[in-house]
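Quick notes on the structure that follows.
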Amino acid sequence: MKFRFIKLGAIFMTAVTVLTGTGTMAARASSIRAGVSDVLTECLNENAKTMAAKENVGKNAKLLKTANVPVQKKDTAKAEKRSKKIADPEDNTICGYTNLGIANVSNYLNVREEAGEDAKIVGKLPADAGCEILDTQDGWYRIRSGKVSGYVRGDYIITGDEARQMAEKLKKTMATVNTLTVYIREKPNTDCTILTIVTTDEELEVVEEGEEWIEIKLDDENGFVNAQYVNLSEELKKAMPYTETERSAEISDTKYSLVQKALSYVGGRYVWGGTSLTNGVDCSGFTMQIMAQYGVHLPHSSRGQAGYGRSVSTSELQPGDLIFYGSGSSISHVAIYIGNGQIVHASNSRDGIKVSNAFYRTPICCRRML
């Protein structure tokens with residue numbers, strides 16, 4: 001046990017001074033003894049308090065360890081992610097747009113390379129999709145939406161306060177993958193089935209937001225993604241790029257025609273169970289109707305369609321082949337390969353028929369029908 005001797009030293013120095021000075025020696029000696037006693041008592045009390053405090057700390061630490069109480073740490077990443085969803089009162093943008101325009105069409109609006117009906121189509125702006133209006137030119141708007149920039153007819157774009165009011169009703173919370181790849185799981189835990197693997201920058205519609213897991217919609221099925229691997233934001237639908245497959249000696253005229261036919265429906269409606277290319281289709285309804293125009297008759301089921309044609313590997317894919325997706329070996333989605341690592345497919349009710357990266361999720365198998 002260690003005592004505090006600083007005060008004692010001072011008292012003894014005082015005692016020496018008193019003994020060598022004048023006055024009654026007995027009285028001063030008595031005073032010195034009283035002072036020393038007070039200091040010793042104070043030191044003992046302080047040391048007793050210190051030891052008691054240390055003992056309590058030790059007991060509390062043992063109790064915490066026994067109870068397995070986790071150490072609470074501030075998750076700065078989650079806090080930052082959620083703070084992005086809080087609107088800045090000085091921010092006049094809505095869903096990232098300053099000069100907002102919304103497509104007022106029943107299906108989709110062509111985005112052209114130049115301002116004119118004969119100009120090349122570079123994208124499709126779906127109904128209710130948002131865009132940034134950059135300029136106006138003779139009844140045309142130069143716009144940017146997603147990865148698409150070009151011109152659209154101004155007659156089909158809602159602007160101003162009306163557009164902002166519409167956006168408040170149309171916007172949805174989206175989860176954008178912020179890592180190279182991420183698992184989509186069947187349930188909100190790491191012990192359940194992995195439905196598929198999704199790649200970076202893929203946008204997933206949020207069904208329900210939780211602290212650790214986000215329920216999302218992938219094509220026409222639901223799954224869960226760990227919250228730390230996505231960024232949340234409020235978004236409007238965006239324009240989709242429109243690309244034409246380049247002719248080559250390896251691609252037959254029939255396959256080239258099939259791909260161009262399928263691409264002409266980009267921006268069309270998704271309807272679960274639908275089989276109409278004009279009024280709405282689901283994934284297998286889309287492939288069924290496109291293939292039927294080229295003499296290949298398939299059932300209205302992605303799983304059933306996987307039993308037709310012949311199997312090819314992903315390295316052997318050619319435009320017109322079908323790619324099947326799902327969970328494990330269970331098929332639930334189908335798309336048409338269009339070349340250049342891309343597919344066209346009827347994705348979900350939000351995006352409709354669109355072009356995607358062929359490996360935006362893990363393929364289960366590929367089949368050649370032609």
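Residues are named by chain letter and number: chains run A, B, ... in the order of the structure tokens, numbers start at 1 in each chain, and ligands are numbered from 1 in the order shown.
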
Which residues of region 225-290 of chain A sit at most 9 Å from region 331-352 of chain A, using only C-alpha atoms? Give each one's shortest atom pair and distance in Å (one decimal place), in chain and ascending residue order, as a tab-separated table.
residue	atom	partner	partner_atom	distance
A:Lys237	CA	A:Asp351	CA	7.0
A:Lys238	CA	A:Asp351	CA	8.5
A:Glu244	CA	A:Ile338	CA	8.5
A:Thr245	CA	A:Gly339	CA	6.6
A:Glu246	CA	A:Gly339	CA	8.5
A:Tyr256	CA	A:Ile338	CA	8.7
A:Val259	CA	A:Ile338	CA	5.8
A:Gln260	CA	A:Ile338	CA	8.6
A:Ala262	CA	A:Val344	CA	7.1
A:Leu263	CA	A:Val344	CA	6.8
A:Val266	CA	A:Val344	CA	7.5
A:Gly267	CA	A:Gly352	CA	6.0
A:Gly268	CA	A:Gly352	CA	5.6
A:Arg269	CA	A:Gly352	CA	4.7
A:Tyr270	CA	A:Gly352	CA	4.4
A:Val271	CA	A:Ser349	CA	6.5
A:Trp272	CA	A:Ser349	CA	7.9
A:Gly280	CA	A:Gly352	CA	8.4
A:Val281	CA	A:Ala346	CA	6.9
A:Asp282	CA	A:Ala346	CA	5.6
A:Cys283	CA	A:Ala346	CA	4.6
A:Ser284	CA	A:Val334	CA	6.2
A:Gly285	CA	A:Ala346	CA	8.5
A:Phe286	CA	A:Ala346	CA	6.4
A:Thr287	CA	A:Ala335	CA	6.9

Next item on the list: Could you tell me how far CA of Gln293 (chain A) lies from CA of Ser327 (chain A), in Å and to one decimal?
Entry: 29.7 Å

Next item on the list: Choose the residue, out of A:Lys354, A:Ser330, A:Gly304, A:Leu180, that has the smallest atom-to-atom separation from Gly123 (chain A); count only C-alpha atoms.
Entry: A:Lys354

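The two atoms in question, CA of Ile194 (chain A) and CA of Gly326 (chain A), are spaced 10.2 Å apart.
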
Check: DSSP says strand (DSSP E) for which residues of region 164-271 of chain A? Put them as a PyMOL selection string?
Finding: chain A and resi 172-177+181-185+194-199+203-209+213-218+221-226+230-235+240-241

Notebook entry, point to check: Mind checking DSSP for region 138-298 of chain A and telling me the alpha helix (DSSP H) residues as a ChimeraX atom specification?
Noted result: /A:160-170,253-263,283-292

Checklist line | Contacts of region 145-148 of chain A at 7 Å (only C-alpha atoms; same-chain gap of 2+ positions) as an MDAnalysis selection string | finding: chainID A and resid 123 130:132 143 150 238:241

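Proximity of A:Val206, A:Thr181, A:Gln318, A:Asp220 to Ser252 (chain A), computed with only C-alpha atoms, is greatest for A:Gln318.
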
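With only C-alpha atoms as the atoms that count, the residue of A:Ala163, A:Ser106, A:Leu370, A:Glu113 with the shortest distance to Ile133 (chain A) is A:Ala163.
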